[in-house]
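Enquirer: Sending over a structure as structure tokens; questions will come in a sec.
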Number of protein chains: 4
Amino acid sequence: MLLASLRSQVLHANKEISRRGLAPHTFGNVSGIDRSASQPLVVIKPSGVDYATMTEADLVVTDLDGKIVEGSLRPSSDLDTHTLLYREFPQIGGIVHTHSEFATSWAQACRPIPCLGTTHADYFHGPVPVTDPLTADEVAVAYVRNTGAVIARHFRSHNLDPVSVPGVLVAGHAPFAWGKSAAEAVEHADVLEYIARMAFRSVLLNPAVTGVPPYVAEYHYLRKHGPKATYGQG
Amino acid sequence: MLLASLRSQVLHANKEISRRGLAPHTFGNVSGIDRSASQPLVVIKPSGVDYATMTEADLVVTDLDGKIVEGSLRPSSDLDTHTLLYREFPQIGGIVHTHSEFATSWAQACRPIPCLGTTHADYFHGPVPVTDPLTADEVAVAYVRNTGAVIARHFRSHNLDPVSVPGVLVAGHAPFAWGKSAAEAVEHADVLEYIARMAFRSVLLNPAVTGVPPYVAEYHYLRKHGPKATYGQG
Amino acid sequence: MLLASLRSQVLHANKEISRRGLAPHTFGNVSGIDRSASQPLVVIKPSGVDYATMTEADLVVTDLDGKIVEGSLRPSSDLDTHTLLYREFPQIGGIVHTHSEFATSWAQACRPIPCLGTTHADYFHGPVPVTDPLTADEVAVAYVRNTGAVIARHFRSHNLDPVSVPGVLVAGHAPFAWGKSAAEAVEHADVLEYIARMAFRSVLLNPAVTGVPPYVAEYHYLRKHGPKATYGQG
Amino acid sequence: MLLASLRSQVLHANKEISRRGLAPHTFGNVSGIDRSASQPLVVIKPSGVDYATMTEADLVVTDLDGKIVEGSLRPSSDLDTHTLLYREFPQIGGIVHTHSEFATSWAQACRPIPCLGTTHADYFHGPVPVTDPLTADEVAVAYVRNTGAVIARHFRSHNLDPVSVPGVLVAGHAPFAWGKSAAEAVEHADVLEYIARMAFRSVLLNPAVTGVPPYVAEYHYLRKHGPKATYGQG
């Protein structure tokens with residue numbers, strides 16, 4: 001992938017999270033990665049810049065350790081979470097962080113979002129997990145990097161696949177979502193907000209609900225993602 | 001009815017569910033049927049195509065068994081639910097499936113929507129029912145067709161009339177609504193979402209509420225639908 | 001007041017309830033009354049006509065008993081509720097009926113809206129009351145007129161003043177609001193929906209909350225409505 | 001600061017609370033103060049004037065005791081709350097009062113908004129406090145001024161810093177927010193509404209949730225406000 005193309009995709013994806021109402025007050029950022037070069041390059045939103053006026057030239061390019069390669073602005077303050085996730089999850093090409101309202105409400109409630117229906121099952125194989133809170137030490141030493149570390153640790157210890165579970169809630173904070181590209185990561189962040197809205201109402205209507213049976217979750221996930229996918233014109 | 005006219009109605013109805021916010025992310029589809037021909041023809045949305053750019057030529061025409069008669073695109077992945085409902089409910093001329101937020105929240109909660117007020121009673125005679133979940137066998141053998149089968153079974157076993165109860169919640173999935181035409185099916189899907197929103201709040205405000213007395217439900221339903229209907233300019 | 005002027009006000013008020021989102025699906029109607037003539041005249045929305053295309057010529061003029069004086073269309077099916085309220089509440093000049101979402105949710109829950117804050121206290125002196133449900137007899141004999149009758153009965157038996165309590169919830173149905181004019185009735189219907197939204201959230205956050213002390217309710221109501229009103233430029 | 005510049009800022013801020021949906025029905029007002037002159041001057045919204053048509057000439061200029069210095073319109077009926085807060089909190093340069101929906105819902109529930117996440121922690125150091133209700137005497141003697149007095153008393157008795165806690169809920173009433181300038185006060189009022197929305201859902205999802213650990217709140221607050229702030233391009 002050419003860096004110019006990646007810049008264009010990342011710029012578009014950042015504007016898109018604003019347009020879809022996922023990131024009021026510049027509370028959100030998108031990055032993408034080009035892993036085809038000898039040295040992988042990450043393109044990320046600058047810190048505290050308005051989505052409306054942001055240009056490709058404002059984006060910041062770093063290496064996988066967050067060292068700035070191009071760009072005169074300060075990168076998103078969440079950069080170290082992004083780079084850690086790119087190092088830990090080699091399958092992913094784009095990451096979105098938002099404070100979208102309902103996903104954040106679940107994150108603040110420290111509850112995973114159970115798989116209550118087929119809308120959820122089409123995108124997330126199983127519940128949307130919630131991490132442990134960071135410890136005082138983790139905050140003190142490297143808050144942002146350790147936000148990525150608790151995500152990666154949760155996926156490892158629960159044996160979760162970041163491809164079939166393309167997002168997570170950081171306890172007391174907000175969601176991260178990812179995908180093959182920045183654009184797919186935005187779609188996953190948007191669907192995550194959508195299922196968070198519906199699950200909020202479902203659990204209020206029926207606190208005892210536990211979710212669809214595993215055979216339904218399996219069927220729906222494979223319908224969209226398995227080798228026998230039947231959805232769309234692909 | 002001419003097929004050209006049916007195509008036009010079905011196209012309009014598909015765009016309408018998007019415009020009314022009932023079907024974000026292409027999560028929704030509308031079909032219509034022409035029963036006047038010797039061989040009834042179903043016109044349905046293609047799978048995974050954007051509502052905004054969809055044209056009449058993109059629509060897929062099938063027979064009542066779902067065999068494609070016209071169209072180069074793959075039909076909606078929910079086709080077999082639509083055709084089963086057309087076979088089971090000979091009175092209906094249009095079907096809408098959406099993942100509209102509040103109706104889906106009730107479906108995920110596996111709760112029927114009680115008839116709590118006259119808005120509901122004007123359109124649905126009695127609660128909006130919720131089906132049983134599909135069994136593992138039903139999923140394995142023919143998930144989509146069996147989604148229609150559990151709906152039809154619920155209506156038969158509860159002695160419900162699809163004309164006076166023009167919609168249903170599939171447990172752990174989402175709503176289906178229908179009507180005399182694709183346009184009326186859209187209206188019913190929209191009203192279903194509206195009453196789902198209000199009922200959600202009413203049952204939180206008063207968990208003990210059971211709904212309007214039968215004589216009110218009866219009065220309102222007949223006001224709009226009986227031979228002595230007094231509503232509108234008809 | 002000239003009838004032409006009243007027609008204009010009533011048309012505008014009907015379009016306004018649609019524009020403010022209080023009346024989706026033509027679920028709502030506004031009327032106004034001219035009491036200055038020897039025979040009072042009521043101007044009301046026709047039944048089932050779209051707000052967007054409605055013209056002054058579509059409005060229906062009746063006397064206080066609902067007898068049509070001018071107009072070729074059928075009047076709103078709620079006409080008899082309006083005329084009964086005009087007969088019972090001689091102080092009022094306009095009436096709005098909607099199925100606005102949150103007020104209707106309270107009506108369906110059969111709960112009065114307690115006066116939880118100053119927003120409420122500025123407009124409604126005390127709770128927004130909820131009527132009794134209609135009896136089977138009342139429905140059978142004259143449903144629409146008796147909807148007005150249960151409202152009037154509630155106000156009489158609870159010694160409520162329709163000027164200081166400019167609206168009501170009909171149990172299992174929806175709100176009615178009124179005012180000096182059709183325009184003021186719309187404002188009251190809109191504020192009613194607004195306080196219904198906030199009260200819904202407040203009682204979920206604190207089920208034990210009972211409302212502001214009487215001395216606060218008194219102060220706020222008189223601030224806007226008493227002879228010493230200090231609000232606005234009047 | 002020149003008075004002309006302050007007028008311009010205060011006009012813009014008043015229009016902004018309307019544009020952001022924080023102040024339906026003219027339920028809201030913004031003021032700013034110029035403390036650089038020998039006699040500090042407060043610029044405030046006039047009472048009951050539409051945001052859309054308001055001009056700089058409509059604004060009212062008063063001294064710190066609320067005595068009108070310039071302007072032909074009546075000042076906001078909440079003026080005495082504003083001036084009391086300017087006298088008590090010498091660090092602040094702008095004040096916003098709204099009846100924004102979710103913040104008001106918390107105020108009506110008489111519950112402080114706990115710090116449940118980093119969105120909150122970035123702006124408010126600790127919970128958003130809720131005042132005591134005013135006593136009957138306080139209402140009778142000087143309702144509006146005493147609304148300011150209960151705020152100031154709460155901050156003093158709980159040892160709160162108005163710079164790190166830039167807003168408050170008045171019990172049974174609504175929020176006040178403030179900042180270095182009218183513009184920053186608007187931003188704080190908007191964020192307050194945003195965190196009120198998310199906290200509402202979080203406490204319904206998990207009534208036992210108590211909030212982020214103090215070391216997280218500390219970290220986030222200092223990230224944006226401390227001498228080592230890392231957020232934005234500053």
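Just remember, in the structure tokens the first chain shown is A, the second B, etc., residues are 1-based per chain, and ligands are 1-based in the order shown.
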Using DSSP secondary structure from the backbone, list all helix (DSSP H, G or I) positions within segment 92-138 of chain C, as a PyMOL selection string.
Expert: chain C and resi 101-109+118-121+136-138
Enquirer: Could you write out that same residue set with C-alpha atoms as a CSV table (one decimal), in the first residue's frame?
Expert:
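Saved to out_30.csv:
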```
chain,number,residue,atom,x,y,z
C,101,GLU,CA,-43.5,9.7,22.8
C,102,PHE,CA,-42.6,10.4,26.4
C,103,ALA,CA,-45.9,11.9,27.5
C,104,THR,CA,-47.7,8.9,25.9
C,105,SER,CA,-45.3,6.6,27.7
C,106,TRP,CA,-46.4,8.1,31.0
C,107,ALA,CA,-50.1,7.9,29.9
C,108,GLN,CA,-49.6,4.2,29.1
C,109,ALA,CA,-48.0,3.6,32.4
C,118,THR,CA,-38.5,24.1,38.1
C,119,THR,CA,-38.9,23.4,34.3
C,120,HIS,CA,-42.1,21.7,35.2
C,121,ALA,CA,-43.1,24.2,37.9
C,136,ALA,CA,-66.7,-0.4,29.0
C,137,ASP,CA,-69.9,1.6,29.0
C,138,GLU,CA,-68.2,4.9,28.4
```
Enquirer: Using only C-alpha atoms, select each residue of chain D with any atom at most 9 Å away from an atom of chain C, and give the selection as a PyMOL selection string.
Expert: chain D and resi 24-25+27+46-49+73-77+99+101-102+104-111+133-136+139-140+143+171-174+200+203-204
Enquirer: Show me, as JSON, numbers by chain, the residues that have an atom within 7 Å of Leu169 of chain B when counting only C-alpha atoms, minus same-chain residues fewer than 3 positions from it.
Expert: {"B": [107, 129, 130, 131, 174, 175, 176]}
Enquirer: Using C-alpha atoms, can you write the selected residues to a file as a PDB file, in the first residue's frame?
Expert:
```
ATOM      1  CA  ALA B 107     -37.051  -9.244  20.234  1.00  0.00           C
ATOM      2  CA  PRO B 129     -46.072 -11.565  19.572  1.00  0.00           C
ATOM      3  CA  VAL B 130     -42.601 -13.009  19.964  1.00  0.00           C
ATOM      4  CA  THR B 131     -41.768 -16.389  18.437  1.00  0.00           C
ATOM      5  CA  ALA B 174     -35.570  -8.745  14.955  1.00  0.00           C
ATOM      6  CA  PRO B 175     -39.028  -7.776  13.681  1.00  0.00           C
ATOM      7  CA  PHE B 176     -40.922  -8.713  10.535  1.00  0.00           C
TER       8      PHE B 176
END
```
Enquirer: As a ChimeraX atom specification, which residues of segment 16-230 of chain B does DSSP assign to strand (DSSP E)?
Expert: /B:28-34,41-44,60-62,68-70,94-98,167-169,175-179
Enquirer: Quick one: residues within 9 Å of Gln39 of chain D, only C-alpha atoms counted, chain neighbours fewer than 3 positions away excluded, as a ChimeraX atom specification?
Expert: /D:34-36,63-64
Enquirer: Just all heavy atoms for this one: save the residues we selected as a tab-separated table (two decimals), in the first residue's frame.
Expert:
```tsv
chain	number	residue	atom	x	y	z
D	34	ASP	N	-15.90	40.94	32.50
D	34	ASP	CA	-14.61	41.60	32.27
D	34	ASP	C	-14.13	42.11	33.63
D	34	ASP	O	-14.70	43.04	34.19
D	34	ASP	CB	-14.79	42.75	31.28
D	34	ASP	CG	-13.47	43.48	31.02
D	34	ASP	OD1	-12.46	43.14	31.67
D	34	ASP	OD2	-13.46	44.38	30.17
D	35	ARG	N	-13.10	41.44	34.13
D	35	ARG	CA	-12.60	41.83	35.45
D	35	ARG	C	-11.44	42.81	35.36
D	35	ARG	O	-10.86	43.18	36.39
D	35	ARG	CB	-12.14	40.60	36.24
D	35	ARG	CG	-13.26	39.58	36.54
D	35	ARG	CD	-12.74	38.46	37.45
D	35	ARG	NE	-13.66	37.34	37.58
D	35	ARG	CZ	-14.58	37.21	38.55
D	35	ARG	NH1	-14.70	38.14	39.47
D	35	ARG	NH2	-15.35	36.14	38.60
D	36	SER	N	-11.06	43.17	34.12
D	36	SER	CA	-9.86	43.99	33.96
D	36	SER	C	-10.12	45.45	34.27
D	36	SER	O	-9.21	46.20	34.60
D	36	SER	CB	-9.32	43.84	32.54
D	36	SER	OG	-10.24	44.43	31.64
D	63	ASP	N	-23.15	45.78	36.72
D	63	ASP	CA	-21.98	45.68	37.58
D	63	ASP	C	-22.07	44.38	38.39
D	63	ASP	O	-22.97	43.58	38.19
D	63	ASP	CB	-21.84	46.93	38.47
D	63	ASP	CG	-22.96	47.05	39.49
D	63	ASP	OD1	-23.68	46.05	39.74
D	63	ASP	OD2	-23.13	48.15	40.05
D	64	LEU	N	-21.13	44.16	39.30
D	64	LEU	CA	-21.06	42.90	40.03
D	64	LEU	C	-22.22	42.72	41.00
D	64	LEU	O	-22.42	41.62	41.54
D	64	LEU	CB	-19.74	42.80	40.80
D	64	LEU	CG	-18.70	41.86	40.19
D	64	LEU	CD1	-17.49	41.75	41.10
D	64	LEU	CD2	-19.28	40.47	39.93
```
Enquirer: In Å, how far is it from atom CA of Gly93 of chain A to atom CA of Ala182 of chain A?
Expert: 6.6 Å
Enquirer: Env of Ile33 of chain D: 10 Å cut, atoms = only C-alpha atoms, seq-sep filter 5 positions within chain, self excluded. Answer as a ChimeraX atom specification.
Expert: /D:1,3,6-7,10,40-44,61-64,82-83,86,92-95,180-182
Enquirer: How would the residues just chosen look if you wrote them out with N, CA, C and O atoms as a JSON list (two decimals), in the first residue's frame?
Expert:
```json
[["chain", "number", "residue", "atom", "x", "y", "z"],
["D", 1, "MET", "N", -9.90, 43.30, 28.66],
["D", 1, "MET", "CA", -10.81, 42.94, 27.56],
["D", 1, "MET", "C", -11.73, 44.12, 27.25],
["D", 1, "MET", "O", -12.24, 44.77, 28.15],
["D", 3, "LEU", "N", -15.17, 45.79, 26.19],
["D", 3, "LEU", "CA", -16.56, 45.40, 26.38],
["D", 3, "LEU", "C", -17.17, 44.89, 25.05],
["D", 3, "LEU", "O", -17.96, 43.94, 25.04],
["D", 6, "LEU", "N", -16.28, 41.33, 24.67],
["D", 6, "LEU", "CA", -17.03, 40.49, 25.61],
["D", 6, "LEU", "C", -18.48, 40.31, 25.11],
["D", 6, "LEU", "O", -19.02, 39.21, 25.15],
["D", 7, "ARG", "N", -19.07, 41.39, 24.65],
["D", 7, "ARG", "CA", -20.43, 41.30, 24.08],
["D", 7, "ARG", "C", -20.48, 40.26, 22.96],
["D", 7, "ARG", "O", -21.40, 39.45, 22.88],
["D", 10, "VAL", "N", -20.24, 36.75, 24.37],
["D", 10, "VAL", "CA", -21.43, 36.33, 25.11],
["D", 10, "VAL", "C", -22.59, 36.08, 24.15],
["D", 10, "VAL", "O", -23.36, 35.13, 24.32],
["D", 40, "PRO", "N", -15.63, 45.79, 37.58],
["D", 40, "PRO", "CA", -15.92, 44.63, 36.72],
["D", 40, "PRO", "C", -17.30, 44.76, 36.10],
["D", 40, "PRO", "O", -18.25, 45.21, 36.75],
["D", 41, "LEU", "N", -17.42, 44.33, 34.83],
["D", 41, "LEU", "CA", -18.69, 44.41, 34.11],
["D", 41, "LEU", "C", -19.14, 43.03, 33.67],
["D", 41, "LEU", "O", -18.35, 42.26, 33.12],
["D", 42, "VAL", "N", -20.41, 42.76, 33.91],
["D", 42, "VAL", "CA", -21.02, 41.49, 33.51],
["D", 42, "VAL", "C", -21.90, 41.74, 32.29],
["D", 42, "VAL", "O", -22.69, 42.69, 32.28],
["D", 43, "VAL", "N", -21.76, 40.90, 31.26],
["D", 43, "VAL", "CA", -22.64, 40.95, 30.09],
["D", 43, "VAL", "C", -23.50, 39.69, 30.11],
["D", 43, "VAL", "O", -22.97, 38.58, 30.20],
["D", 44, "ILE", "N", -24.81, 39.85, 30.00],
["D", 44, "ILE", "CA", -25.71, 38.72, 30.15],
["D", 44, "ILE", "C", -26.86, 38.80, 29.15],
["D", 44, "ILE", "O", -27.22, 39.90, 28.69],
["D", 61, "VAL", "N", -25.70, 44.88, 30.26],
["D", 61, "VAL", "CA", -24.44, 45.02, 30.98],
["D", 61, "VAL", "C", -24.75, 45.49, 32.40],
["D", 61, "VAL", "O", -25.51, 46.44, 32.59],
["D", 62, "THR", "N", -24.18, 44.78, 33.37],
["D", 62, "THR", "CA", -24.42, 45.16, 34.77],
["D", 62, "THR", "C", -23.10, 45.22, 35.52],
["D", 62, "THR", "O", -22.07, 44.76, 35.03],
["D", 63, "ASP", "N", -23.15, 45.78, 36.72],
["D", 63, "ASP", "CA", -21.98, 45.68, 37.58],
["D", 63, "ASP", "C", -22.07, 44.38, 38.39],
["D", 63, "ASP", "O", -22.97, 43.58, 38.19],
["D", 64, "LEU", "N", -21.13, 44.16, 39.30],
["D", 64, "LEU", "CA", -21.06, 42.90, 40.03],
["D", 64, "LEU", "C", -22.22, 42.72, 41.00],
["D", 64, "LEU", "O", -22.42, 41.62, 41.54],
["D", 82, "HIS", "N", -25.86, 34.53, 38.65],
["D", 82, "HIS", "CA", -24.59, 34.78, 37.95],
["D", 82, "HIS", "C", -23.69, 35.71, 38.75],
["D", 82, "HIS", "O", -22.51, 35.41, 38.97],
["D", 83, "THR", "N", -24.23, 36.84, 39.19],
["D", 83, "THR", "CA", -23.36, 37.82, 39.87],
["D", 83, "THR", "C", -22.84, 37.27, 41.19],
["D", 83, "THR", "O", -21.68, 37.48, 41.54],
["D", 86, "TYR", "N", -19.95, 35.08, 40.33],
["D", 86, "TYR", "CA", -18.75, 35.85, 39.96],
["D", 86, "TYR", "C", -18.08, 36.44, 41.20],
["D", 86, "TYR", "O", -16.86, 36.54, 41.28],
["D", 92, "ILE", "N", -13.36, 32.61, 37.73],
["D", 92, "ILE", "CA", -14.15, 32.28, 36.53],
["D", 92, "ILE", "C", -14.51, 33.52, 35.72],
["D", 92, "ILE", "O", -14.65, 34.61, 36.26],
["D", 93, "GLY", "N", -14.64, 33.31, 34.38],
["D", 93, "GLY", "CA", -14.91, 34.42, 33.47],
["D", 93, "GLY", "C", -16.20, 34.28, 32.69],
["D", 93, "GLY", "O", -16.61, 35.20, 31.98],
["D", 94, "GLY", "N", -16.86, 33.12, 32.78],
["D", 94, "GLY", "CA", -18.12, 32.92, 32.06],
["D", 94, "GLY", "C", -18.97, 31.89, 32.77],
["D", 94, "GLY", "O", -18.44, 30.98, 33.42],
["D", 95, "ILE", "N", -20.29, 32.07, 32.68],
["D", 95, "ILE", "CA", -21.23, 31.16, 33.33],
["D", 95, "ILE", "C", -22.34, 30.78, 32.35],
["D", 95, "ILE", "O", -22.84, 31.64, 31.61],
["D", 180, "LYS", "N", -13.17, 29.69, 32.23],
["D", 180, "LYS", "CA", -12.35, 30.89, 32.12],
["D", 180, "LYS", "C", -13.05, 31.97, 31.30],
["D", 180, "LYS", "O", -12.81, 33.15, 31.48],
["D", 181, "SER", "N", -13.86, 31.52, 30.34],
["D", 181, "SER", "CA", -14.55, 32.44, 29.43],
["D", 181, "SER", "C", -15.94, 31.90, 29.18],
["D", 181, "SER", "O", -16.25, 30.76, 29.53],
["D", 182, "ALA", "N", -16.77, 32.73, 28.53],
["D", 182, "ALA", "CA", -18.11, 32.24, 28.16],
["D", 182, "ALA", "C", -18.00, 31.02, 27.26],
["D", 182, "ALA", "O", -18.77, 30.05, 27.39]]
```
